[in-house]
$ cat start07.csv   # CSV, C-alpha atoms and all ligand atoms
chain,number,residue,atom,x,y,z
A,1,MET,CA,-20.9,28.8,23.8
A,2,PRO,CA,-18.5,27.7,21.1
A,3,LYS,CA,-15.5,25.9,22.4
A,4,ARG,CA,-12.0,26.0,21.2
A,5,ILE,CA,-11.1,22.7,19.7
A,6,LEU,CA,-7.7,21.5,18.6
A,7,SER,CA,-6.5,18.3,17.0
A,8,GLY,CA,-3.9,17.1,14.5
A,9,MET,CA,-2.5,14.3,12.5
A,10,ARG,CA,1.0,13.2,11.6
A,11,PRO,CA,1.8,13.6,7.9
A,12,THR,CA,3.5,10.2,7.5
A,13,ALA,CA,1.3,9.2,4.5
A,14,LYS,CA,-1.7,10.1,2.5
A,15,LEU,CA,-4.8,9.6,4.6
A,16,HIS,CA,-7.0,6.5,4.5
A,17,ILE,CA,-10.6,5.6,5.3
A,18,GLY,CA,-9.6,4.8,8.9
A,19,ASN,CA,-8.5,8.4,9.3
A,20,LEU,CA,-11.8,9.5,7.8
A,21,LEU,CA,-14.1,7.4,9.9
A,22,GLY,CA,-11.9,7.6,13.1
A,23,ALA,CA,-11.2,11.4,13.0
A,24,LEU,CA,-12.1,13.6,10.0
A,25,GLU,CA,-15.8,13.0,10.2
A,26,ASN,CA,-15.8,13.8,13.9
A,27,TRP,CA,-13.7,17.0,13.2
A,28,LYS,CA,-16.2,18.1,10.6
A,29,ARG,CA,-19.1,17.8,13.1
A,30,LEU,CA,-17.2,20.1,15.5
A,31,GLU,CA,-16.9,22.9,12.9
A,32,GLY,CA,-19.5,25.1,14.6
A,33,ASN,CA,-16.9,25.7,17.3
A,34,GLU,CA,-13.6,27.5,17.0
A,35,THR,CA,-11.6,24.7,15.4
A,36,PHE,CA,-7.9,24.3,14.8
A,37,PHE,CA,-6.6,21.4,12.8
A,38,MET,CA,-2.9,20.9,12.7
A,39,ILE,CA,-0.5,18.9,10.6
A,40,ALA,CA,2.0,17.6,13.1
A,41,ASP,CA,5.1,17.4,11.0
A,42,TRP,CA,7.5,17.6,14.0
A,43,HIS,CA,5.7,14.6,15.4
A,44,ALA,CA,6.0,12.7,12.1
A,45,LEU,CA,9.8,13.3,12.4
A,46,THR,CA,10.0,11.5,15.8
A,47,THR,CA,9.5,8.1,14.1
A,48,GLU,CA,10.4,8.9,10.4
A,49,TYR,CA,13.7,10.7,10.9
A,50,ALA,CA,15.6,7.9,9.1
A,51,SER,CA,13.1,7.6,6.2
A,52,LYS,CA,14.2,8.4,2.6
A,53,THR,CA,10.9,10.1,2.0
A,54,PRO,CA,10.9,13.7,3.3
A,55,ILE,CA,8.0,14.5,5.6
A,56,LYS,CA,7.4,17.6,3.4
A,57,SER,CA,6.2,15.4,0.6
A,58,ASN,CA,3.1,14.4,2.5
A,59,VAL,CA,2.1,17.8,4.0
A,60,ILE,CA,0.2,19.3,1.1
A,61,GLU,CA,-1.3,15.8,0.4
A,62,VAL,CA,-2.7,15.7,3.9
A,63,VAL,CA,-4.2,19.3,3.6
A,64,ILE,CA,-5.8,18.1,0.4
A,65,ASP,CA,-7.2,15.1,2.2
A,66,TYR,CA,-8.6,17.3,5.0
A,67,LEU,CA,-10.4,19.5,2.5
A,68,ALA,CA,-11.5,16.6,0.3
A,69,ALA,CA,-13.0,15.0,3.4
A,70,GLY,CA,-15.1,18.2,3.9
A,71,LEU,CA,-13.2,20.4,6.4
A,72,ASP,CA,-14.0,24.0,5.6
A,73,PRO,CA,-11.1,26.4,5.7
A,74,ALA,CA,-13.6,29.3,6.2
A,75,LYS,CA,-14.6,27.6,9.5
A,76,SER,CA,-11.4,25.8,10.6
A,77,THR,CA,-7.9,27.0,10.9
A,78,ILE,CA,-5.7,24.5,9.2
A,79,PHE,CA,-2.0,24.9,10.0
A,80,LEU,CA,1.4,23.3,10.0
A,81,GLN,CA,3.1,22.7,13.3
A,82,SER,CA,6.6,23.6,12.1
A,83,LEU,CA,5.4,26.9,10.6
A,84,VAL,CA,4.5,28.0,14.2
A,85,PRO,CA,7.9,27.7,16.0
A,86,GLU,CA,6.2,28.5,19.3
A,87,HIS,CA,5.3,24.8,19.4
A,88,ALA,CA,9.0,23.8,19.6
A,89,GLU,CA,9.8,26.6,22.1
A,90,LEU,CA,6.9,25.8,24.4
A,91,SER,CA,7.9,22.1,24.2
A,92,LEU,CA,11.3,23.0,25.5
A,93,LEU,CA,9.9,25.0,28.3
A,94,LEU,CA,7.5,22.2,29.3
A,95,SER,CA,10.3,19.7,29.1
A,96,MET,CA,12.0,21.5,32.0
A,97,ILE,CA,9.2,20.7,34.4
A,98,THR,CA,8.1,17.3,33.1
A,99,PRO,CA,9.4,14.4,35.2
A,100,LEU,CA,11.1,11.7,33.2
A,101,SER,CA,9.1,9.1,35.0
A,102,TRP,CA,5.9,10.4,33.5
A,103,LEU,CA,7.3,9.9,30.0
A,104,GLU,CA,8.8,6.5,30.7
A,105,ARG,CA,5.6,5.1,32.0
A,106,ASN,CA,3.6,6.4,29.1
A,107,PRO,CA,1.9,3.3,27.6
A,108,THR,CA,2.1,4.4,24.0
A,109,TYR,CA,5.9,4.9,24.4
A,110,LYS,CA,6.4,1.2,25.3
A,111,ASP,CA,3.9,-0.1,22.8
A,112,GLN,CA,5.4,1.9,19.9
A,113,ILE,CA,9.0,0.9,20.6
A,114,GLU,CA,7.8,-2.7,20.7
A,115,GLU,CA,5.7,-2.4,17.6
A,116,LEU,CA,8.1,-0.3,15.5
A,117,LYS,CA,11.1,-2.4,16.2
A,118,ALA,CA,12.6,-1.8,12.8
A,119,LYS,CA,13.0,1.9,13.8
A,120,ASP,CA,15.4,3.0,16.5
A,121,LEU,CA,13.0,5.0,18.7
A,122,SER,CA,15.4,5.3,21.7
A,123,THR,CA,15.7,9.0,21.1
A,124,HIS,CA,15.2,12.1,23.2
A,125,GLY,CA,12.6,13.3,20.7
A,126,PHE,CA,10.5,10.2,20.8
A,127,LEU,CA,10.5,10.1,24.6
A,128,GLY,CA,9.4,13.7,24.5
A,129,TYR,CA,6.6,13.1,22.0
A,130,PRO,CA,3.8,13.8,24.6
A,131,VAL,CA,5.6,17.0,25.8
A,132,LEU,CA,5.4,18.4,22.3
A,133,GLN,CA,1.8,17.2,22.0
A,134,ALA,CA,1.1,19.0,25.3
A,135,ALA,CA,2.6,22.2,23.8
A,136,ASP,CA,0.3,21.8,20.8
A,137,ILE,CA,-2.7,21.7,23.0
A,138,LEU,CA,-1.7,24.2,25.7
A,139,LEU,CA,-0.6,27.0,23.3
A,140,TYR,CA,-4.2,27.4,22.1
A,141,LYS,CA,-5.7,27.0,25.6
A,142,ALA,CA,-8.0,24.4,23.9
A,143,ASP,CA,-11.2,23.4,25.7
A,144,ALA,CA,-11.3,20.0,24.0
A,145,VAL,CA,-9.3,17.7,21.8
A,146,PRO,CA,-11.0,15.1,19.6
A,147,VAL,CA,-8.9,12.0,19.6
A,148,GLY,CA,-9.1,8.2,19.4
A,149,GLU,CA,-8.7,6.1,22.4
A,150,ASP,CA,-5.0,5.4,21.7
A,151,GLN,CA,-4.3,9.1,22.4
A,152,LEU,CA,-5.9,9.3,25.8
A,153,PRO,CA,-2.6,8.8,27.7
A,154,HIS,CA,-1.1,11.7,25.8
A,155,LEU,CA,-4.1,13.9,26.6
A,156,GLU,CA,-3.8,13.0,30.3
A,157,LEU,CA,-0.1,13.9,30.3
A,158,ALA,CA,-1.0,17.3,28.7
A,159,ARG,CA,-3.4,17.9,31.6
A,160,GLU,CA,-0.8,16.8,34.2
A,161,ILE,CA,1.8,19.0,32.6
A,162,ALA,CA,-0.6,22.0,32.6
A,163,ARG,CA,-1.4,21.4,36.3
A,164,ARG,CA,2.2,21.2,37.2
A,165,PHE,CA,3.1,24.4,35.3
A,166,ASN,CA,0.2,26.3,36.8
A,167,PHE,CA,1.2,25.1,40.3
A,168,LEU,CA,4.9,25.8,40.0
A,169,PHE,CA,4.5,29.3,38.4
A,170,ARG,CA,1.1,30.7,37.9
A,171,PRO,CA,-2.1,29.6,36.2
A,172,VAL,CA,-1.5,30.1,32.5
A,173,PHE,CA,-2.8,26.9,31.0
A,174,LYS,CA,-6.1,25.2,30.6
A,175,GLU,CA,-6.8,21.5,31.1
A,176,ALA,CA,-8.3,20.3,27.9
A,177,GLU,CA,-11.0,17.6,27.8
A,178,ALA,CA,-10.9,14.7,25.4
A,179,ILE,CA,-13.7,14.2,22.9
A,180,LEU,CA,-13.6,10.5,22.2
A,181,THR,CA,-14.3,9.3,18.7
A,182,LYS,CA,-17.1,6.8,18.7
A,183,THR,CA,-16.1,4.8,15.6
A,184,PRO,CA,-14.6,1.5,16.6
A,185,LYS,CA,-11.2,0.6,15.2
A,186,VAL,CA,-11.4,0.4,11.4
A,187,PRO,CA,-9.9,-2.8,10.1
A,188,GLY,CA,-7.6,-2.8,7.1
A,189,THR,CA,-7.7,-5.2,4.2
A,190,ASP,CA,-5.8,-7.8,6.1
A,191,GLY,CA,-8.1,-7.7,9.1
A,192,ARG,CA,-5.6,-5.9,11.4
A,193,LYS,CA,-6.1,-2.3,12.4
A,194,MET,CA,-6.0,-0.1,9.3
A,195,SER,CA,-2.5,1.5,9.4
A,196,LYS,CA,0.0,2.7,6.8
A,197,SER,CA,2.7,0.7,8.6
A,198,TYR,CA,0.8,-2.5,7.8
A,199,GLY,CA,0.2,-1.6,4.2
A,200,ASN,CA,-3.5,-2.5,4.5
A,201,THR,CA,-5.1,0.8,3.8
A,202,ILE,CA,-7.8,2.1,1.5
A,203,ASP,CA,-6.7,5.7,0.8
A,204,LEU,CA,-8.9,8.7,0.1
A,205,SER,CA,-6.8,9.2,-3.0
A,206,ASP,CA,-7.5,5.7,-4.3
A,207,SER,CA,-9.4,5.6,-7.6
A,208,PRO,CA,-12.7,3.6,-7.7
A,209,GLU,CA,-10.8,0.8,-9.5
A,210,GLU,CA,-8.1,0.7,-6.8
A,211,VAL,CA,-10.8,0.6,-4.1
A,212,ASP,CA,-12.5,-2.3,-5.9
A,213,LYS,CA,-9.3,-4.2,-6.3
A,214,LYS,CA,-8.4,-3.8,-2.6
A,215,VAL,CA,-11.9,-4.9,-1.5
A,216,MET,CA,-11.8,-8.0,-3.7
A,217,GLN,CA,-8.4,-8.9,-2.0
A,218,MET,CA,-9.7,-8.4,1.5
A,219,VAL,CA,-9.5,-11.2,4.0
A,220,THR,CA,-12.8,-12.6,5.3
A,221,ASP,CA,-13.7,-14.9,8.2
A,222,PRO,CA,-10.6,-17.1,8.0
A,223,ALA,CA,-12.6,-20.1,9.3
A,224,ARG,CA,-15.0,-19.9,6.4
A,225,LYS,CA,-13.2,-22.1,3.8
A,226,ARG,CA,-16.1,-23.2,1.6
A,227,ARG,CA,-19.3,-21.6,0.4
A,228,GLU,CA,-21.3,-24.1,2.6
A,229,ASP,CA,-19.5,-23.0,5.8
A,230,LYS,CA,-21.3,-20.6,8.0
A,231,GLY,CA,-19.4,-17.4,8.5
A,232,ASN,CA,-18.9,-15.0,11.5
A,233,PRO,CA,-19.4,-11.6,10.1
A,234,HIS,CA,-18.2,-9.9,13.3
A,235,ILE,CA,-14.6,-10.9,12.7
A,236,CYS,CA,-14.8,-10.0,9.0
A,237,PRO,CA,-13.5,-6.7,7.7
A,238,VAL,CA,-15.8,-6.9,4.7
A,239,TYR,CA,-18.8,-6.9,7.1
A,240,PHE,CA,-17.4,-4.0,9.1
A,241,PHE,CA,-17.5,-1.9,6.0
A,242,HIS,CA,-21.1,-3.1,5.2
A,243,THR,CA,-22.1,-1.6,8.6
A,244,VAL,CA,-20.6,1.8,7.5
A,245,VAL,CA,-21.5,2.1,3.8
A,246,ASN,CA,-24.4,-0.3,3.5
A,247,LYS,CA,-26.3,0.6,6.7
A,248,GLU,CA,-29.8,-0.4,5.5
A,249,ASN,CA,-28.8,-3.9,4.5
A,250,HIS,CA,-26.1,-4.9,6.9
A,251,GLU,CA,-28.4,-7.0,9.1
A,252,THR,CA,-29.4,-9.0,6.1
A,253,VAL,CA,-25.7,-9.4,5.2
A,254,ALA,CA,-24.9,-10.7,8.7
A,255,HIS,CA,-27.9,-13.1,8.6
A,256,GLU,CA,-27.0,-14.5,5.2
A,257,CYS,CA,-23.3,-14.8,6.2
A,258,SER,CA,-24.1,-16.6,9.4
A,259,ASN,CA,-26.3,-19.1,7.6
A,260,ALA,CA,-24.1,-19.7,4.6
A,261,LEU,CA,-26.7,-18.0,2.4
A,262,ARG,CA,-24.2,-15.7,0.6
A,263,GLY,CA,-20.7,-16.2,-0.8
A,264,CYS,CA,-17.8,-14.0,0.1
A,265,VAL,CA,-17.2,-12.9,-3.5
A,266,GLU,CA,-20.7,-11.5,-4.0
A,267,CYS,CA,-20.6,-10.1,-0.5
A,268,LYS,CA,-17.4,-8.2,-1.4
A,269,GLN,CA,-18.8,-7.0,-4.8
A,270,GLU,CA,-21.9,-5.6,-3.0
A,271,MET,CA,-19.8,-3.9,-0.4
A,272,SER,CA,-17.3,-2.5,-2.9
A,273,LYS,CA,-20.2,-1.0,-4.9
A,274,HIS,CA,-21.4,0.9,-1.8
A,275,LEU,CA,-17.9,1.8,-0.6
A,276,ARG,CA,-17.0,3.3,-4.0
A,277,ALA,CA,-20.2,5.3,-4.0
A,278,PHE,CA,-19.4,6.5,-0.5
A,279,LEU,CA,-15.8,7.5,-1.4
A,280,LYS,CA,-16.6,8.9,-4.8
A,281,PRO,CA,-17.4,12.5,-3.8
A,282,ILE,CA,-14.3,12.7,-1.7
A,283,TYR,CA,-12.2,11.3,-4.6
A,284,GLU,CA,-13.7,13.7,-7.0
A,285,ARG,CA,-13.3,16.7,-4.7
A,286,ARG,CA,-9.7,15.6,-4.2
A,287,LYS,CA,-9.0,15.6,-8.0
A,288,GLU,CA,-10.4,19.1,-8.2
A,289,ILE,CA,-8.4,20.4,-5.3
A,290,GLU,CA,-5.2,18.8,-6.6
A,291,LYS,CA,-5.3,21.2,-9.5
A,292,ARG,CA,-4.9,24.1,-7.1
A,293,ARG,CA,-1.8,23.0,-5.2
A,294,SER,CA,-0.3,26.5,-4.9
A,295,GLN,CA,-3.5,27.8,-3.4
A,296,ILE,CA,-3.5,25.0,-0.9
A,297,ARG,CA,0.0,26.0,0.1
A,298,ASP,CA,-1.1,29.6,0.6
A,299,LEU,CA,-4.1,28.4,2.7
A,300,LEU,CA,-1.7,26.5,5.0
A,301,ILE,CA,0.6,29.5,5.3
A,302,GLU,CA,-2.4,31.8,6.1
A,303,GLY,CA,-3.7,29.3,8.7
A,304,SER,CA,-0.3,29.1,10.3
A,305,LYS,CA,-0.2,32.9,10.6
A,306,LYS,CA,-3.6,32.8,12.4
A,307,ALA,CA,-2.4,30.1,14.7
A,308,LYS,CA,0.8,31.9,15.4
A,309,ALA,CA,-0.9,35.0,16.6
A,310,ILE,CA,-2.6,33.0,19.4
A,311,ALA,CA,0.4,30.8,20.1
A,312,ALA,CA,2.8,33.7,20.4
A,313,GLN,CA,0.6,35.3,23.1
A,314,THR,CA,0.4,32.2,25.2
A,315,LEU,CA,4.1,31.5,24.9
A,316,ALA,CA,4.9,35.0,26.1
A,317,GLU,CA,2.7,34.5,29.1
A,318,ALA,CA,4.3,31.1,29.8
A,319,LYS,CA,7.8,32.4,29.5
A,320,ASP,CA,7.0,35.3,31.7
A,321,ALA,CA,5.4,33.1,34.3
A,322,ALA,CA,8.5,30.8,34.2
A,323,GLY,CA,10.8,33.8,34.6
A,324,ILE,CA,12.6,33.5,31.3
A,325,GLY,CA,13.6,36.4,29.1
A,326,ILE,CA,14.0,40.0,30.1
A,401,LIG,N1,-0.2,12.2,18.4
A,401,LIG,C1,-1.3,12.4,17.5
A,401,LIG,C2,-1.5,11.1,16.7
A,401,LIG,O1,-0.6,10.4,16.5
A,401,LIG,C3,-1.2,13.6,16.6
A,401,LIG,C4,-1.1,14.9,17.4
A,401,LIG,C5,0.0,15.7,17.5
A,401,LIG,C6,-2.2,15.5,18.1
A,401,LIG,N2,-0.4,16.8,18.3
A,401,LIG,C7,-1.7,16.7,18.6
A,401,LIG,C8,-3.5,15.1,18.3
A,401,LIG,C9,-2.4,17.5,19.4
A,401,LIG,C10,-4.3,16.0,19.1
A,401,LIG,C11,-3.8,17.1,19.7
A,401,LIG,O2,-2.6,10.9,16.2
A,402,LIG,FE1,-17.3,-11.7,5.3
A,402,LIG,FE2,-19.4,-11.5,3.7
A,402,LIG,FE3,-17.8,-13.6,3.6
A,402,LIG,FE4,-19.4,-13.2,5.6
A,402,LIG,S1,-20.0,-13.6,3.5
A,402,LIG,S2,-17.3,-13.9,5.7
A,402,LIG,S3,-19.4,-11.0,5.8
A,402,LIG,S4,-17.2,-11.5,3.1

$ encode --input "start07.csv" --output "structure tokens" --more "lines below"
Ligand code: TRP
Ligand code: SF4
Amino acid sequence: MPKRILSGMRPTAKLHIGNLLGALENWKRLEGNETFFMIADWHALTTEYASKTPIKSNVIEVVIDYLAAGLDPAKSTIFLQSLVPEHAELSLLLSMITPLSWLERNPTYKDQIEELKAKDLSTHGFLGYPVLQAADILLYKADAVPVGEDQLPHLELAREIARRFNFLFRPVFKEAEAILTKTPKVPGTDGRKMSKSYGNTIDLSDSPEEVDKKVMQMVTDPARKRREDKGNPHICPVYFFHTVVNKENHETVAHECSNALRGCVECKQEMSKHLRAFLKPIYERRKEIEKRRSQIRDLLIEGSKKAKAIAAQTLAEAKDAAGIGI
């Protein structure tokens, strides 16, 4: 039986190849089910509220990235969180029953405050991030949520909140399962995890020339200083991408690297060629879709209407169970 699937991304930037390999490809594979893919703009605001760039400026870009990556709007409902106000309302309702201690011990809360020190994240909204995420999931009574490992604590919280609500009032919500993404963490051009906040991304909107430039500047095995030094491909981001875009040859690459039989410059050139071929159809589709921005806007509004029809029903049930309203 097809399952109901929901997932989302924060529109804090245009999407990169880490988002593609870590999430979008997985989402695409799930499209035989009843799939809902959200753009979580309220969630973006929890960390970007002081930014000069409005969240709005990335929303349509992210929809274009979704479509360029191959999501099919005839199969998936693509919608914007803030166009479905039920998310905010259910989040408020769930906040009434969510113990503070659950939120304070959430590992991503502590990690992010530490990691994003430049931003003041000691806000009510940021502490409540997983409550809003629980609302996203529970409104649709989703069976499963495809996420990366970093999101597992949030999914577990959503399940705990559902259980607590169902116990306190009556069973309204479903406990969603995680569908874990198999792709290991995608490294950025500097070898750290690919992330917009590190400025080390290769974006789906980068031209082949930009991709090539970024690849040629990538870090390699830092211990390999000279051509004669043997390398360790397993700590090299260039090699990681060989395993993705040059599957037939990556073992040869590893062998030659480990035995100093290839130089890093030629290794990068070879990888860049494959990566550009891999990204080219996405880049070209993106260029085509960009010409139809107003249609993309309409698509998002339509998707949000569809989402709202379901969300409104669940919210009504939840409010009634909690004894709020008339
Ligand atoms: N928190 C998720 C992230 O940062 C984005 C997100 C918001 C999400 N709501 C969701 C993911 C609901 C899955 C389900 O990646
Ligand atoms: Fe990385 Fe290739 Fe250089 Fe080895 S040869 S360190 S895999 S770039």

$ closest_residue --input "start07.csv" --among "A:Ala307, A:Ile179, A:Ala118, A:Ala158" --to "Leu30 (chain A)" --atoms "all atoms listed in the file"
A:Ile179

$ closest_residue --input "start07.csv" --among "A:Leu279, A:Leu261, A:Leu121, A:Leu157" --to "ligand LIG 402 (chain A)" --atoms "only C-alpha atoms and all ligand atoms"
A:Leu261

$ residues_near_ligand --input "start07.csv" --ligand "ligand LIG 402 (chain A)" --cutoff "7 Å" --atoms "all atoms listed in the file" --output "ChimeraX atom specification"
/A:220-221,224,231-233,236-239,253-254,257-258,262-265,267-268

$ closest_residue --input "start07.csv" --among "A:Arg10, A:Arg4, A:Lys52, A:Lys319" --to "ligand LIG 401 (chain A)" --atoms "only C-alpha atoms and all ligand atoms"
A:Arg10

$ residues_around --input "start07.csv" --residues "Gly148 (chain A)" --least-positions-apart "6" --cutoff "7 Å" --atoms "all atoms listed in the file" --output "PyMOL selection string"
chain A and resi 22+180-181

$ residues_near_ligand --input "start07.csv" --ligand "ligand LIG 401 (chain A)" --cutoff "10 Å" --atoms "all atoms listed in the file" --output "PyMOL selection string"
chain A and resi 5-12+19+23+36-44+81+87+108+129-138+142+144-152+154-155+158+176+178

$ atom_distance --input "start07.csv" --atom1 "CA of Leu300 (chain A)" --atom2 "CA of Leu80 (chain A)"
6.7 Å

$ residues_around --input "start07.csv" --residues "Met194 (chain A)" --least-positions-apart "3" --cutoff "12 Å" --atoms "all atoms listed in the file" --output "NGL selection string"
:A and (15-22 or 184-191 or 197-203 or 218 or 237)

$ closest_residue --input "start07.csv" --among "A:Ser91, A:Gln112, A:Ser195, A:Thr77" --to "Lys305 (chain A)" --atoms "only C-alpha atoms"
A:Thr77

$ atom_distance --input "start07.csv" --atom1 "CA of Asn259 (chain A)" --atom2 "CA of Lys230 (chain A)"
5.2 Å
